[in-house]
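Printed here is model_3.pdb (PDB, C-alpha atoms):
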```pdb
ATOM      1  CA  LYS A 138       8.889   4.498  13.584  1.00  0.00           C
ATOM      2  CA  ILE A 139       6.863   6.115  10.823  1.00  0.00           C
ATOM      3  CA  GLU A 140       9.025   8.116   8.424  1.00  0.00           C
ATOM      4  CA  SER A 141       6.435   9.581   6.058  1.00  0.00           C
ATOM      5  CA  TYR A 142       2.778  10.371   5.569  1.00  0.00           C
ATOM      6  CA  GLU A 143       2.456   7.384   3.219  1.00  0.00           C
ATOM      7  CA  GLU A 144       3.743   5.038   5.905  1.00  0.00           C
ATOM      8  CA  LEU A 145       1.291   6.485   8.425  1.00  0.00           C
ATOM      9  CA  LYS A 146      -1.562   6.118   5.958  1.00  0.00           C
ATOM     10  CA  HIS A 147      -0.490   2.532   5.235  1.00  0.00           C
ATOM     11  CA  THR A 148      -0.447   1.790   8.952  1.00  0.00           C
ATOM     12  CA  VAL A 149      -3.974   3.102   9.418  1.00  0.00           C
ATOM     13  CA  LEU A 150      -5.472   1.446   6.341  1.00  0.00           C
ATOM     14  CA  ILE A 151      -3.601  -1.843   6.185  1.00  0.00           C
ATOM     15  CA  ASP A 152      -1.866  -2.722   9.435  1.00  0.00           C
ATOM     16  CA  LEU A 153      -4.892  -2.001  11.611  1.00  0.00           C
ATOM     17  CA  GLY A 154      -7.217  -4.079   9.445  1.00  0.00           C
ATOM     18  CA  MET A 155      -9.719  -1.720   7.894  1.00  0.00           C
ATOM     19  CA  ASP A 156     -12.562  -4.207   8.035  1.00  0.00           C
ATOM     20  CA  GLY A 157     -14.749  -1.725   9.858  1.00  0.00           C
ATOM     21  CA  ILE A 158     -15.824  -4.253  12.458  1.00  0.00           C
ATOM     22  CA  GLU A 159     -13.528  -3.523  15.355  1.00  0.00           C
ATOM     23  CA  PRO A 160     -13.386  -0.039  16.845  1.00  0.00           C
ATOM     24  CA  ILE A 161     -10.014   1.650  16.471  1.00  0.00           C
ATOM     25  CA  THR A 162      -8.801   4.306  18.891  1.00  0.00           C
ATOM     26  CA  LEU A 163      -6.248   7.061  18.511  1.00  0.00           C
ATOM     27  CA  GLU A 164      -3.991   5.042  20.796  1.00  0.00           C
ATOM     28  CA  ASP A 165      -4.279   2.000  18.504  1.00  0.00           C
ATOM     29  CA  ILE A 166      -3.216   4.092  15.516  1.00  0.00           C
ATOM     30  CA  ALA A 167      -0.365   5.754  17.388  1.00  0.00           C
ATOM     31  CA  ASN A 168       0.883   2.462  18.861  1.00  0.00           C
ATOM     32  CA  SER A 169       0.870   0.721  15.482  1.00  0.00           C
ATOM     33  CA  ALA A 170       2.959   3.582  14.082  1.00  0.00           C
ATOM     34  CA  ALA A 171       5.292   3.557  17.105  1.00  0.00           C
ATOM     35  CA  ILE A 172       4.577   7.214  17.842  1.00  0.00           C
ATOM     36  CA  SER A 173       2.774   9.043  20.618  1.00  0.00           C
ATOM     37  CA  SER A 174      -0.901   9.909  20.376  1.00  0.00           C
ATOM     38  CA  ARG A 175       0.029  13.574  20.261  1.00  0.00           C
ATOM     39  CA  GLU A 176       2.482  13.026  17.387  1.00  0.00           C
ATOM     40  CA  CYS A 177      -0.132  10.995  15.555  1.00  0.00           C
ATOM     41  CA  LEU A 178      -2.626  13.861  15.838  1.00  0.00           C
ATOM     42  CA  ARG A 179       0.017  16.343  14.723  1.00  0.00           C
ATOM     43  CA  CYS A 180       0.945  14.291  11.657  1.00  0.00           C
ATOM     44  CA  PHE A 181      -2.659  13.851  10.548  1.00  0.00           C
ATOM     45  CA  ASN A 182      -3.516  17.498  11.095  1.00  0.00           C
ATOM     46  CA  LEU A 183      -0.419  18.584   9.195  1.00  0.00           C
ATOM     47  CA  CYS A 184      -0.933  16.238   6.242  1.00  0.00           C
ATOM     48  CA  LEU A 185      -4.714  15.877   6.007  1.00  0.00           C
ATOM     49  CA  ARG A 186      -6.155  18.720   8.064  1.00  0.00           C
ATOM     50  CA  GLU A 187      -8.232  16.213  10.044  1.00  0.00           C
ATOM     51  CA  THR A 188      -7.832  13.853  12.978  1.00  0.00           C
ATOM     52  CA  PRO A 189      -7.018  10.164  12.497  1.00  0.00           C
ATOM     53  CA  ILE A 190     -10.511   9.219  13.676  1.00  0.00           C
ATOM     54  CA  GLU A 191     -12.146  11.650  11.207  1.00  0.00           C
ATOM     55  CA  TYR A 192      -9.995  10.186   8.434  1.00  0.00           C
ATOM     56  CA  LEU A 193     -10.851   6.642   9.459  1.00  0.00           C
ATOM     57  CA  THR A 194     -14.570   7.416   9.644  1.00  0.00           C
ATOM     58  CA  LYS A 195     -14.604   9.031   6.181  1.00  0.00           C
ATOM     59  CA  TYR A 196     -12.658   6.095   4.761  1.00  0.00           C
ATOM     60  CA  ARG A 197     -15.095   3.568   6.236  1.00  0.00           C
ATOM     61  CA  ILE A 198     -18.124   5.517   4.988  1.00  0.00           C
ATOM     62  CA  ASN A 199     -16.661   5.702   1.478  1.00  0.00           C
ATOM     63  CA  MET A 200     -15.889   1.977   1.501  1.00  0.00           C
ATOM     64  CA  ALA A 201     -19.454   1.221   2.623  1.00  0.00           C
ATOM     65  CA  LYS A 202     -20.851   3.433  -0.160  1.00  0.00           C
ATOM     66  CA  GLU A 203     -18.764   1.592  -2.743  1.00  0.00           C
ATOM     67  CA  PHE A 204     -19.837  -1.765  -1.373  1.00  0.00           C
ATOM     68  CA  LEU A 205     -23.512  -0.807  -1.581  1.00  0.00           C
ATOM     69  CA  LYS A 206     -23.099   0.471  -5.139  1.00  0.00           C
ATOM     70  CA  LYS A 207     -21.551  -2.811  -6.227  1.00  0.00           C
ATOM     71  CA  SER A 208     -23.765  -5.101  -4.205  1.00  0.00           C
ATOM     72  CA  LYS A 209     -27.240  -6.348  -4.892  1.00  0.00           C
ATOM     73  CA  THR A 210     -27.494  -7.574  -1.313  1.00  0.00           C
ATOM     74  CA  LEU A 211     -29.357  -4.516  -0.069  1.00  0.00           C
ATOM     75  CA  GLU A 212     -31.809  -4.703  -2.941  1.00  0.00           C
ATOM     76  CA  ILE A 213     -32.469  -8.390  -2.280  1.00  0.00           C
ATOM     77  CA  LEU A 214     -32.931  -7.788   1.456  1.00  0.00           C
ATOM     78  CA  LEU A 215     -35.397  -4.984   0.803  1.00  0.00           C
ATOM     79  CA  ILE A 216     -37.427  -7.108  -1.608  1.00  0.00           C
ATOM     80  CA  GLU A 217     -37.466 -10.035   0.815  1.00  0.00           C
ATOM     81  CA  GLY A 218     -38.368  -7.744   3.713  1.00  0.00           C
ATOM     82  CA  ILE A 219     -41.286  -6.255   1.806  1.00  0.00           C
ATOM     83  CA  ALA A 220     -42.485  -9.727   0.798  1.00  0.00           C
ATOM     84  CA  ILE A 221     -42.376 -10.921   4.410  1.00  0.00           C
ATOM     85  CA  LEU A 222     -44.198  -7.797   5.573  1.00  0.00           C
ATOM     86  CA  PHE A 223     -47.013  -8.279   3.067  1.00  0.00           C
ATOM     87  CA  THR A 224     -47.224 -12.006   3.806  1.00  0.00           C
ATOM     88  CA  ASN A 225     -47.678 -11.277   7.500  1.00  0.00           C
ATOM     89  CA  LEU A 226     -50.401  -8.713   6.786  1.00  0.00           C
ATOM     90  CA  ILE A 227     -52.547 -11.152   4.814  1.00  0.00           C
TER      91      ILE A 227
END
```

Represent the supplied structure as structure tokens.
Amino acid sequence: KIESYEELKHTVLIDLGMDGIEPITLEDIANSAAISSRECLRCFNLCLRETPIEYLTKYRINMAKEFLKKSKTLEILLIEGIAILFTNLI
């Protein structure tokens, strides 16, 4: 059972695999913390003033922003996409 906010946060971020690929439900979060869905909501609202899903969504968006800032992949894809577009127009 989760004993503190830090443990709950750890469960959400680490134990559930924050890769952003698989959808995560409130029940998944609650089950991984060995608490009820209602208790999970209560804990998040008390500590963070948001639901677990809101927290998870914000976390994933921030991680994606950081990835894009550090990655040249998007820039390369855009350049290649533009080149392909112009090649097909000629």

Report task. Apply the PyMOL selection byres ((chain A and resi 191) around 12) to the displayed file and report the matching residues as a PyMOL selection string. Result -> chain A and resi 149+161-163+178+181-182+185-190+192-198

Query raised in the report: How many Å separate CA of Cys180 in chain A from CA of His147 in chain A?
Result: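 For CA of Cys180 in chain A relative to CA of His147 in chain A, the distance reads 13.5 Å.
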
Report task. Would you mind reading off the distance between CA of Cys177 in chain A and CA of Glu159 in chain A, one decimal, in Å? Result ->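 Taking CA of Cys177 in chain A and CA of Glu159 in chain A, their separation equals 19.8 Å.
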
Requested in this report: Return the single residue from A:Ile216, A:Met200, A:Cys184, A:Leu145 that is closest to Ser169 in chain A, with distances computed using all atoms listed in the file.
Outcome: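 Selected residue with least distance to Ser169 in chain A: A:Leu145.
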
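Atom to atom, CA of Glu176 in chain A and CA of Pro160 in chain A stand 20.6 Å apart.
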